[in-house]
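start_11.csv (CSV, C-alpha atoms)
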chain,number,residue,atom,x,y,z
A,21,MET,CA,3.7,-35.2,-24.8
A,22,ALA,CA,1.7,-37.7,-22.8
A,23,GLN,CA,4.9,-39.4,-21.7
A,24,LEU,CA,6.3,-36.0,-20.6
A,25,ASP,CA,3.3,-35.3,-18.5
A,26,GLU,CA,3.6,-38.6,-16.8
A,27,ALA,CA,7.3,-38.0,-16.2
A,28,THR,CA,6.7,-34.6,-14.6
A,29,THR,CA,4.0,-35.5,-12.2
A,30,VAL,CA,4.6,-33.5,-9.1
A,31,ASN,CA,3.9,-34.7,-5.7
A,32,VAL,CA,2.5,-32.0,-3.5
A,33,GLN,CA,3.9,-32.2,0.0
A,34,PRO,CA,1.5,-31.8,2.9
A,35,LYS,CA,1.2,-28.5,4.7
A,36,ASP,CA,3.4,-27.9,7.7
A,37,GLN,CA,0.7,-26.2,9.9
A,38,LYS,CA,3.3,-25.2,12.5
A,39,LYS,CA,5.3,-23.2,10.0
A,40,ILE,CA,2.2,-21.5,8.6
A,41,ASN,CA,1.0,-20.6,12.1
A,42,GLN,CA,4.4,-19.1,12.8
A,43,LEU,CA,4.1,-16.9,9.7
A,44,TRP,CA,0.7,-15.7,10.9
A,45,ARG,CA,2.1,-15.1,14.4
A,46,ILE,CA,4.8,-12.8,12.9
A,47,ALA,CA,2.1,-10.9,10.9
A,48,GLY,CA,0.2,-10.5,14.2
A,49,ILE,CA,3.3,-9.1,15.9
A,50,LEU,CA,3.8,-6.6,13.0
A,51,ALA,CA,0.2,-5.5,13.2
A,52,ILE,CA,0.3,-5.1,16.9
A,53,VAL,CA,3.5,-3.0,16.8
A,54,THR,CA,1.9,-0.8,14.2
A,55,ALA,CA,-1.2,-0.4,16.4
A,56,ILE,CA,1.0,0.5,19.3
A,57,GLU,CA,2.8,3.2,17.2
A,58,PHE,CA,-0.6,4.5,16.1
A,59,ALA,CA,-1.8,4.7,19.7
A,60,LEU,CA,1.4,6.3,21.0
A,61,ALA,CA,1.0,9.0,18.4
A,62,TYR,CA,-2.3,10.0,20.2
A,63,ILE,CA,-1.2,9.3,23.8
A,64,LEU,CA,2.4,10.6,24.2
A,65,PRO,CA,3.3,14.3,23.8
A,66,ARG,CA,5.5,15.0,20.8
A,67,GLY,CA,9.2,15.0,21.8
A,68,PRO,CA,12.4,13.1,21.9
A,69,LEU,CA,11.0,10.3,24.0
A,70,LEU,CA,8.2,9.6,21.5
A,71,TYR,CA,10.6,9.8,18.5
A,72,PHE,CA,13.0,7.4,20.2
A,73,THR,CA,10.1,4.9,20.8
A,74,PHE,CA,9.0,5.2,17.2
A,75,VAL,CA,12.5,4.5,15.8
A,76,ALA,CA,12.9,1.5,18.2
A,77,LEU,CA,9.6,0.0,17.2
A,78,THR,CA,10.4,0.5,13.6
A,79,LEU,CA,13.6,-1.4,14.0
A,80,VAL,CA,11.7,-4.2,15.7
A,81,LYS,CA,9.4,-4.4,12.7
A,82,ALA,CA,12.3,-4.2,10.2
A,83,PHE,CA,14.0,-7.1,12.0
A,84,TYR,CA,10.9,-9.3,11.8
A,85,ILE,CA,10.3,-8.6,8.1
A,86,VAL,CA,14.0,-9.2,7.1
A,87,ALA,CA,14.7,-12.1,9.3
A,88,GLU,CA,11.4,-14.0,9.1
A,89,PHE,CA,9.5,-12.9,5.9
A,90,MET,CA,12.7,-12.6,3.8
A,91,HIS,CA,14.2,-15.7,5.5
A,92,LEU,CA,17.5,-14.0,6.0
A,93,LYS,CA,17.8,-15.8,9.4
A,94,GLY,CA,18.0,-19.1,7.5
A,95,GLU,CA,20.8,-18.0,5.1
A,96,VAL,CA,24.5,-18.6,5.8
A,97,LYS,CA,26.4,-16.2,8.2
A,98,THR,CA,28.4,-14.6,5.4
A,99,LEU,CA,25.3,-13.6,3.5
A,100,ILE,CA,23.7,-12.2,6.6
A,101,TRP,CA,26.8,-10.0,7.3
A,102,SER,CA,27.2,-9.0,3.7
A,103,ILE,CA,23.8,-7.5,3.8
A,104,ALA,CA,23.9,-6.1,7.4
A,105,ILE,CA,27.4,-4.5,7.5
A,106,PRO,CA,27.0,-2.1,4.6
A,107,THR,CA,24.0,-0.5,6.3
A,108,ILE,CA,26.6,1.2,8.6
A,109,PHE,CA,26.9,3.7,5.8
A,110,VAL,CA,23.3,4.7,6.4
A,111,ILE,CA,24.0,5.4,10.1
A,112,TRP,CA,26.9,7.6,9.0
A,113,LEU,CA,24.7,9.5,6.6
A,114,VAL,CA,22.1,10.1,9.3
A,115,ILE,CA,24.7,11.7,11.5
A,116,ALA,CA,26.3,13.7,8.7
A,117,LEU,CA,23.2,15.1,7.2
A,118,LEU,CA,21.4,15.9,10.4
A,119,ALA,CA,24.5,17.9,11.5
A,120,GLU,CA,24.4,19.5,8.1
A,121,GLY,CA,20.7,20.4,8.5
A,122,SER,CA,21.4,22.0,11.9
A,123,SER,CA,24.1,24.2,10.6
A,124,VAL,CA,22.0,25.3,7.6
A,125,PHE,CA,19.4,26.3,10.2
A,126,GLU,CA,22.0,28.3,12.2
A,127,LEU,CA,23.0,30.1,9.1
A,128,LYS,CA,19.5,30.9,7.9
A,129,PHE,CA,17.7,31.8,11.2
B,28,MET,CA,17.6,-32.4,-3.8
B,29,SER,CA,20.7,-34.3,-2.7
B,30,THR,CA,21.0,-35.9,-6.2
B,31,THR,CA,20.9,-32.5,-7.9
B,32,THR,CA,23.6,-31.1,-5.6
B,33,THR,CA,26.0,-34.0,-6.4
B,34,SER,CA,25.5,-33.6,-10.1
B,35,VAL,CA,26.3,-29.8,-9.9
B,36,GLU,CA,29.5,-30.6,-7.9
B,37,GLU,CA,30.5,-33.2,-10.4
B,38,THR,CA,30.1,-31.0,-13.4
B,39,THR,CA,32.0,-28.1,-11.9
B,40,THR,CA,34.9,-29.9,-10.2
B,41,GLY,CA,38.0,-28.0,-11.1
B,42,SER,CA,36.2,-25.3,-13.0
B,43,VAL,CA,34.9,-22.9,-10.4
B,44,TRP,CA,34.9,-20.0,-12.8
B,45,ASN,CA,32.6,-21.7,-15.3
B,46,GLY,CA,29.5,-21.1,-13.2
B,47,GLY,CA,27.1,-23.7,-11.8
B,48,MET,CA,28.2,-23.0,-8.2
B,49,ALA,CA,26.0,-21.5,-5.6
B,50,PRO,CA,28.2,-19.2,-3.4
B,51,LEU,CA,26.8,-18.5,0.1
B,52,LYS,CA,24.4,-21.5,-0.6
B,53,ALA,CA,22.0,-19.1,-2.4
B,54,SER,CA,21.3,-19.3,-6.1
B,55,TYR,CA,22.6,-16.6,-8.4
B,56,GLY,CA,19.2,-15.0,-8.8
B,57,LYS,CA,18.5,-14.9,-5.1
B,58,LEU,CA,22.0,-13.5,-4.3
B,59,MET,CA,21.7,-10.7,-6.9
B,60,MET,CA,18.2,-9.9,-5.7
B,61,TRP,CA,19.6,-9.4,-2.2
B,62,PHE,CA,22.4,-7.1,-3.4
B,63,PHE,CA,19.9,-5.2,-5.6
B,64,LEU,CA,17.7,-4.7,-2.5
B,65,LEU,CA,20.7,-3.5,-0.5
B,66,SER,CA,21.4,-0.8,-3.1
B,67,ASP,CA,17.8,0.1,-3.2
B,68,ALA,CA,17.9,0.4,0.5
B,69,PHE,CA,20.6,3.0,0.1
B,70,THR,CA,18.5,4.9,-2.3
B,71,PHE,CA,15.5,5.0,0.0
B,72,SER,CA,17.8,5.9,3.0
B,73,SER,CA,19.2,8.8,1.0
B,74,LEU,CA,15.6,10.1,0.3
B,75,LEU,CA,14.5,9.7,3.9
B,76,ILE,CA,17.7,11.2,5.4
B,77,SER,CA,17.4,14.1,3.0
B,78,TYR,CA,14.0,14.7,4.5
B,79,GLY,CA,15.6,14.7,7.9
B,80,MET,CA,18.2,17.2,6.9
B,81,ILE,CA,15.8,19.6,5.2
B,82,ARG,CA,13.4,19.4,8.1
B,83,TYR,CA,16.3,20.2,10.5
B,84,ALA,CA,17.1,23.2,8.4
B,85,TRP,CA,13.6,24.7,8.9
B,86,PRO,CA,12.1,26.1,12.1
B,87,ALA,CA,9.9,23.6,14.0
B,88,TYR,CA,6.4,24.6,15.1
B,89,GLN,CA,6.5,26.0,18.7
B,90,GLY,CA,3.3,25.7,20.8
B,91,GLU,CA,0.5,23.4,21.6
B,92,VAL,CA,-0.3,20.7,19.0
B,93,GLU,CA,-4.1,21.5,19.3
B,94,ASP,CA,-3.5,25.1,18.2
B,95,PHE,CA,-1.5,24.1,15.1
B,96,VAL,CA,-2.2,26.0,11.9
B,97,PHE,CA,-0.6,25.6,8.5
B,98,SER,CA,2.1,28.3,7.8
B,99,GLN,CA,4.9,29.0,5.4
B,100,GLU,CA,7.1,29.9,8.3
B,101,TYR,CA,7.7,26.5,9.8
B,102,TRP,CA,7.6,22.8,9.1
B,103,PRO,CA,4.1,21.2,9.5
B,104,ILE,CA,3.3,18.5,12.0
B,105,PRO,CA,2.7,15.5,9.6
B,106,GLU,CA,-0.3,14.1,11.5
B,107,LYS,CA,-2.1,17.4,11.0
B,108,VAL,CA,-1.5,17.2,7.2
B,109,PHE,CA,-2.6,13.6,6.8
B,110,ASP,CA,-5.8,13.5,8.8
B,111,ALA,CA,-8.4,12.9,6.1
B,112,VAL,CA,-10.2,9.6,5.4
B,113,PRO,CA,-12.3,8.9,2.3
B,114,LEU,CA,-16.1,9.5,2.7
B,115,LEU,CA,-15.5,11.4,6.0
B,116,HIS,CA,-15.1,14.9,4.7
B,117,GLY,CA,-14.1,17.5,7.2
B,118,VAL,CA,-13.5,15.0,10.0
B,119,SER,CA,-10.0,15.2,11.5
B,120,LEU,CA,-8.7,11.6,11.9
B,121,PRO,CA,-4.9,11.9,12.1
B,122,LEU,CA,-3.0,8.9,10.6
B,123,VAL,CA,-6.1,6.7,10.4
B,124,PHE,CA,-5.9,6.3,6.6
B,125,VAL,CA,-2.1,5.8,6.6
B,126,GLY,CA,-2.6,3.2,9.3
B,127,ILE,CA,-5.1,1.4,7.1
B,128,MET,CA,-2.6,1.5,4.2
B,129,THR,CA,0.1,0.0,6.5
B,130,PHE,CA,-2.2,-2.9,7.5
B,131,ILE,CA,-3.0,-3.6,3.9
B,132,LEU,CA,0.7,-3.8,3.0
B,133,ILE,CA,1.5,-6.0,6.0
B,134,LEU,CA,-1.3,-8.4,5.1
B,135,SER,CA,-0.2,-8.6,1.5
B,136,SER,CA,3.3,-9.4,2.8
B,137,VAL,CA,1.9,-12.4,4.8
B,138,THR,CA,0.0,-13.7,1.8
B,139,MET,CA,3.2,-13.4,-0.2
B,140,VAL,CA,5.3,-15.4,2.3
B,141,LEU,CA,2.5,-18.0,2.3
B,142,ALA,CA,2.8,-18.2,-1.5
B,143,VAL,CA,6.5,-18.8,-1.1
B,144,GLU,CA,5.8,-21.5,1.5
B,145,ALA,CA,3.3,-23.2,-0.8
B,146,GLY,CA,6.0,-23.0,-3.6
B,147,HIS,CA,8.4,-25.0,-1.4
B,148,ARG,CA,5.7,-27.7,-1.2
B,149,MET,CA,5.1,-27.6,-5.0
B,150,ASP,CA,1.5,-26.8,-4.2
B,151,LYS,CA,0.3,-25.0,-7.4
B,152,LYS,CA,-3.2,-24.4,-6.1
B,153,ASP,CA,-2.0,-22.7,-2.9
B,154,VAL,CA,0.6,-20.6,-4.8
B,155,THR,CA,-2.0,-19.2,-7.2
B,156,LYS,CA,-4.4,-18.6,-4.3
B,157,TRP,CA,-2.0,-16.6,-2.2
B,158,MET,CA,-0.5,-14.8,-5.2
B,159,LEU,CA,-3.9,-13.6,-6.1
B,160,TRP,CA,-4.5,-12.3,-2.5
B,161,THR,CA,-1.1,-10.5,-2.7
B,162,LEU,CA,-2.2,-8.9,-5.9
B,163,VAL,CA,-5.4,-7.7,-4.3
B,164,GLY,CA,-3.4,-6.2,-1.4
B,165,GLY,CA,-1.0,-4.4,-3.8
B,166,VAL,CA,-3.7,-3.0,-5.9
B,167,ALA,CA,-5.7,-1.9,-2.8
B,168,PHE,CA,-2.6,-0.1,-1.5
B,169,LEU,CA,-2.0,1.7,-4.8
B,170,GLY,CA,-5.7,2.8,-4.8
B,171,CYS,CA,-5.3,4.2,-1.3
B,172,GLN,CA,-2.2,6.1,-2.4
B,173,ALA,CA,-3.9,7.5,-5.4
B,174,TRP,CA,-6.6,8.8,-3.1
B,175,GLU,CA,-4.1,10.3,-0.7
B,176,TRP,CA,-2.2,12.0,-3.5
B,177,SER,CA,-5.4,13.4,-4.9
B,178,HIS,CA,-6.4,14.8,-1.5
B,179,PHE,CA,-3.0,16.2,-0.9
B,180,ILE,CA,-2.9,17.9,-4.3
B,181,HIS,CA,-6.4,19.4,-4.1
B,182,GLY,CA,-6.1,20.5,-0.5
B,183,THR,CA,-8.5,21.4,2.3
B,184,ASP,CA,-11.6,23.7,2.1
B,185,GLU,CA,-9.7,26.5,3.9
B,186,GLY,CA,-6.5,26.4,1.9
B,187,GLY,CA,-3.4,28.2,3.1
B,188,MET,CA,-2.0,31.7,2.9
B,189,MET,CA,0.9,32.1,0.5
B,190,PRO,CA,3.9,34.5,1.2
B,191,ASP,CA,2.3,37.0,-1.2
B,192,GLY,CA,-1.0,37.0,0.8
B,193,SER,CA,-3.1,35.0,-1.7
B,194,ILE,CA,-4.9,31.8,-0.7
B,195,PHE,CA,-3.7,28.5,-2.3
B,196,TYR,CA,-5.5,25.2,-2.1
B,197,GLY,CA,-3.5,22.0,-2.0
B,198,ALA,CA,0.1,21.5,-3.1
B,199,ASN,CA,2.3,21.2,-6.1
B,200,LEU,CA,6.1,21.3,-6.6
B,201,THR,CA,6.3,25.0,-6.1
B,202,GLN,CA,3.4,26.0,-3.9
B,203,ASN,CA,2.1,24.2,-0.8
B,204,GLN,CA,-0.7,25.2,1.5
B,205,TYR,CA,0.5,22.9,4.3
B,206,GLY,CA,3.9,24.5,4.8
B,207,PRO,CA,7.2,25.1,3.0
B,208,PRO,CA,7.1,23.9,-0.6
B,209,LEU,CA,9.9,21.4,0.1
B,210,PHE,CA,7.6,19.5,2.4
B,211,ALA,CA,5.3,18.8,-0.6
B,212,ASP,CA,8.3,18.0,-2.9
B,213,LEU,CA,9.6,15.4,-0.4
B,214,PHE,CA,6.1,14.0,-0.1
B,215,PHE,CA,5.9,13.5,-3.8
B,216,PHE,CA,9.4,12.2,-4.2
B,217,ILE,CA,9.4,9.7,-1.3
B,218,THR,CA,5.9,8.3,-1.4
B,219,GLY,CA,6.1,8.5,-5.2
B,220,PHE,CA,9.3,6.5,-5.4
B,221,HIS,CA,7.8,4.0,-3.0
B,222,GLY,CA,4.5,3.9,-4.9
B,223,PHE,CA,6.4,3.2,-8.1
B,224,HIS,CA,8.1,0.3,-6.4
B,225,VAL,CA,4.7,-1.0,-5.3
B,226,PHE,CA,3.5,-0.7,-8.9
B,227,SER,CA,6.5,-2.6,-10.3
B,228,GLY,CA,6.0,-5.2,-7.5
B,229,VAL,CA,2.4,-5.6,-8.6
B,230,MET,CA,3.5,-6.1,-12.2
B,231,LEU,CA,6.1,-8.8,-11.1
B,232,ASN,CA,3.5,-10.4,-8.8
B,233,PHE,CA,1.1,-10.6,-11.7
B,234,LEU,CA,3.7,-12.2,-13.9
B,235,ILE,CA,4.4,-14.8,-11.2
B,236,PHE,CA,0.7,-15.4,-10.7
B,237,TYR,CA,0.2,-16.0,-14.4
B,238,GLN,CA,3.2,-18.3,-14.8
B,239,ALA,CA,2.2,-20.3,-11.7
B,240,THR,CA,-1.3,-20.6,-13.1
B,241,VAL,CA,-0.2,-21.9,-16.5
B,242,GLY,CA,2.2,-24.3,-14.8
B,243,VAL,CA,5.6,-22.8,-15.9
B,244,PHE,CA,7.1,-23.5,-12.5
B,245,GLU,CA,5.6,-26.9,-12.2
B,246,ARG,CA,7.3,-27.9,-15.5
B,247,ARG,CA,10.5,-26.2,-14.3
B,248,GLY,CA,10.5,-28.3,-11.1
B,249,HIS,CA,10.8,-25.5,-8.6
B,250,TYR,CA,9.1,-22.3,-7.5
B,251,GLU,CA,12.2,-20.2,-6.9
B,252,MET,CA,10.9,-17.3,-8.9
B,253,VAL,CA,8.1,-16.9,-6.4
B,254,GLU,CA,10.8,-16.6,-3.7
B,255,LYS,CA,12.8,-14.0,-5.6
B,256,VAL,CA,9.8,-11.8,-6.3
B,257,GLY,CA,8.7,-12.4,-2.7
B,258,LEU,CA,12.0,-10.9,-1.5
B,259,TYR,CA,11.3,-7.8,-3.6
B,260,TRP,CA,7.7,-7.5,-2.3
B,261,HIS,CA,8.8,-7.8,1.3
B,262,PHE,CA,11.4,-5.1,0.7
B,263,VAL,CA,8.6,-2.8,-0.5
B,264,ASP,CA,6.8,-3.5,2.8
B,265,LEU,CA,10.0,-2.9,4.7
B,266,VAL,CA,10.5,0.5,3.1
B,267,TRP,CA,6.9,1.5,3.9
B,268,VAL,CA,7.6,0.7,7.5
B,269,PHE,CA,10.3,3.3,7.5
B,270,VAL,CA,8.3,5.8,5.4
B,271,PHE,CA,5.4,5.4,7.9
B,272,THR,CA,7.7,6.3,10.8
B,273,PHE,CA,9.9,9.0,9.4
B,274,PHE,CA,7.4,10.7,7.1
B,275,TYR,CA,4.1,10.4,8.9
B,276,LEU,CA,4.7,9.7,12.6
B,277,ILE,CA,7.7,11.8,13.6

structure tokens encoding of this file:
Amino acid sequence: MAQLDEATTVNVQPKDQKKINQLWRIAGILAIVTAIEFALAYILPRGPLLYFTFVALTLVKAFYIVAEFMHLKGEVKTLIWSIAIPTIFVIWLVIALLAEGSSVFELKF
Amino acid sequence: MSTTTTSVEETTTGSVWNGGMAPLKASYGKLMMWFFLLSDAFTFSSLLISYGMIRYAWPAYQGEVEDFVFSQEYWPIPEKVFDAVPLLHGVSLPLVFVGIMTFILILSSVTMVLAVEAGHRMDKKDVTKWMLWTLVGGVAFLGCQAWEWSHFIHGTDEGGMMPDGSIFYGANLTQNQYGPPLFADLFFFITGFHGFHVFSGVMLNFLIFYQATVGVFERRGHYEMVEKVGLYWHFVDLVWVFVFTFFYLI
């Protein structure tokens, strides 16, 4: 057992402060974007412009989380596209179901 | 690292189907986690898009936001529903508590990615430290959600008028003081499904924290498990970003 312990001594590599600072910087961006969304909810009147801004800022946050925190940016191209392309179905579902909702509304009211 | 790569190549030469390969330069576990998360993204998309469809099928509130009152006739403005903060009874602070919850989840996402980074350096002390902070964040978020659910279920002091003229306080799956019952149903389903993901994430994080502490990964020679659970935890944060926008903001 003692031999095993000696054999598996790990050498801890030093901190890469630049990398760590970068992670905190991205967290800062996410926090600031959230704060902007929060402020806009109070400032702008409710309407298409506000909703469009919210969706755009949400996609910005989603990009930073997936690309930086989940390190998708560092994966090979094929993996990036295998994850990104299927989300086209989600866009289709948005269009299809919102149209469906509108026609249900027309029928009911 | 280079030595392990060559040994893998040597053993699998001519027998691609026997395993041991890392397609897309990602390990089997990581690759499967990515595709699981993709399927999970579809599930959450369906829930949120159903919310959009049902909301479109109901009349929207017409008039000034200041004069808004709860009614069974139209869809409520979410920020008017979620305007309560613990210990500040009766004060209207739209979105403040949800904003706090969002910050908690973002912070626990950073501590998770710092744990992953420490894992790359084989730094056991830092991995345990950051995993512990991630756990604190996850538990704090679940606590906040429990409070929010409790407040939503018990309702406001005034309550709301039901179609039969009675006053009902709070919401359940069939009656809802804030608006159409479907609004409450979707609230329970969407935030509940997300909350369950957070709960399982906390369980997995605890497992990783425990294994890192007792030195399982150190003996194994790598901390990839931290990375895989980290992917799941970031995904939970990602979903909340969308829930925050489409359920609470819009």

### Query
Given a cut-off of 8 Å, which residues of chain A touch chain B, counting all atoms listed in the file, written out as a PyMOL selection string?
chain A and resi 28+30-35+40+43-44+47+50-51+54+58+61+71+74-75+78+81-82+85-86+89-90+95-96+98-99+103+107+110+113-114+117-125

### Message
Could you tell me how far atom CA of Val80 of chain A sits from atom CA of Glu57 of chain A, in Å to one decimal place?
### Response
11.7 Å

### Query
Rounded to one decimal in Å, what is the spacing between atom CA of Met128 of chain B and atom CA of Gln99 of chain B?
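Distance between the two atoms: 28.5 Å.
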
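You will find atom CA of Val263 of chain B at 20.6 Å from atom CA of Ile108 of chain A.
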
Residues within 12 Å of Pro190 of chain B, all atoms listed in the file, excluding chain neighbours under 5 positions, as an mmCIF file with C-alpha atoms, in the frame of the given file:
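This went into out03.cif:
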data_model
loop_
_atom_site.group_PDB
_atom_site.id
_atom_site.type_symbol
_atom_site.label_atom_id
_atom_site.label_comp_id
_atom_site.auth_asym_id
_atom_site.auth_seq_id
_atom_site.Cartn_x
_atom_site.Cartn_y
_atom_site.Cartn_z
ATOM 1 C CA SER B 98 2.100 28.300 7.800
ATOM 2 C CA GLN B 99 4.900 29.000 5.400
ATOM 3 C CA GLU B 100 7.100 29.900 8.300
ATOM 4 C CA PHE B 195 -3.700 28.500 -2.300
ATOM 5 C CA GLN B 202 3.400 26.000 -3.900
ATOM 6 C CA ASN B 203 2.100 24.200 -0.800
ATOM 7 C CA GLN B 204 -0.700 25.200 1.500
ATOM 8 C CA GLY B 206 3.900 24.500 4.800
ATOM 9 C CA PRO B 207 7.200 25.100 3.000
ATOM 10 C CA PRO B 208 7.100 23.900 -0.600
#

### Message
Which residues are close to Gly219 of chain B, i.e. within 12 Å by only C-alpha atoms, leaving aside same-chain residues fewer than 4 positions away? Reply as a list in words.
### Response
Phe71, Leu74, Leu169, Gln172, Ala173, Glu175, Trp176, Ala211, Asp212, Leu213, Phe214, Phe215, Phe223, His224, Val225, Phe226, Trp267 and Val270 of chain B

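Here the question is which of A:Gly94, A:Arg45, A:Phe129, A:Ile56 gets nearest to Leu70 of chain A using all atoms listed in the file, and that residue is A:Ile56.
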
Please complete segment 171-182 of chain B with N, CA, C and O atoms and give it back as an mmCIF file, in the coordinates of the input.
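rebuild-v4.cif written:
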data_model
loop_
_atom_site.group_PDB
_atom_site.id
_atom_site.type_symbol
_atom_site.label_atom_id
_atom_site.label_comp_id
_atom_site.auth_asym_id
_atom_site.auth_seq_id
_atom_site.Cartn_x
_atom_site.Cartn_y
_atom_site.Cartn_z
ATOM 1 N N CYS B 171 -5.326 3.310 -2.495
ATOM 2 C CA CYS B 171 -5.300 4.200 -1.300
ATOM 3 C C CYS B 171 -4.319 5.348 -1.566
ATOM 4 O O CYS B 171 -4.606 6.505 -1.247
ATOM 5 N N GLN B 172 -3.153 5.011 -2.148
ATOM 6 C CA GLN B 172 -2.200 6.100 -2.400
ATOM 7 C C GLN B 172 -2.651 7.070 -3.386
ATOM 8 O O GLN B 172 -2.422 8.272 -3.230
ATOM 9 N N ALA B 173 -3.345 6.589 -4.411
ATOM 10 C CA ALA B 173 -3.900 7.500 -5.400
ATOM 11 C C ALA B 173 -4.851 8.485 -4.743
ATOM 12 O O ALA B 173 -4.823 9.691 -5.003
ATOM 13 N N TRP B 174 -5.686 7.968 -3.838
ATOM 14 C CA TRP B 174 -6.600 8.800 -3.100
ATOM 15 C C TRP B 174 -5.878 9.860 -2.284
ATOM 16 O O TRP B 174 -6.209 11.044 -2.262
ATOM 17 N N GLU B 175 -4.854 9.387 -1.588
ATOM 18 C CA GLU B 175 -4.100 10.300 -0.700
ATOM 19 C C GLU B 175 -3.415 11.393 -1.480
ATOM 20 O O GLU B 175 -3.440 12.555 -1.068
ATOM 21 N N TRP B 176 -2.813 11.022 -2.608
ATOM 22 C CA TRP B 176 -2.200 12.000 -3.500
ATOM 23 C C TRP B 176 -3.186 13.041 -3.940
ATOM 24 O O TRP B 176 -2.943 14.232 -3.903
ATOM 25 N N SER B 177 -4.327 12.520 -4.398
ATOM 26 C CA SER B 177 -5.400 13.400 -4.900
ATOM 27 C C SER B 177 -5.808 14.391 -3.859
ATOM 28 O O SER B 177 -5.937 15.594 -4.111
ATOM 29 N N HIS B 178 -5.992 13.884 -2.627
ATOM 30 C CA HIS B 178 -6.400 14.800 -1.500
ATOM 31 C C HIS B 178 -5.344 15.796 -1.223
ATOM 32 O O HIS B 178 -5.625 16.977 -1.003
ATOM 33 N N PHE B 179 -4.081 15.356 -1.211
ATOM 34 C CA PHE B 179 -3.000 16.200 -0.900
ATOM 35 C C PHE B 179 -2.843 17.340 -1.953
ATOM 36 O O PHE B 179 -2.603 18.505 -1.638
ATOM 37 N N ILE B 180 -3.052 16.960 -3.222
ATOM 38 C CA ILE B 180 -2.900 17.900 -4.300
ATOM 39 C C ILE B 180 -4.026 18.929 -4.348
ATOM 40 O O ILE B 180 -3.822 20.107 -4.609
ATOM 41 N N HIS B 181 -5.243 18.461 -4.037
ATOM 42 C CA HIS B 181 -6.400 19.400 -4.100
ATOM 43 C C HIS B 181 -6.585 20.210 -2.867
ATOM 44 O O HIS B 181 -7.186 21.273 -2.918
ATOM 45 N N GLY B 182 -6.109 19.722 -1.731
ATOM 46 C CA GLY B 182 -6.100 20.500 -0.500
ATOM 47 C C GLY B 182 -7.376 20.534 0.283
ATOM 48 O O GLY B 182 -8.347 19.852 -0.040
#
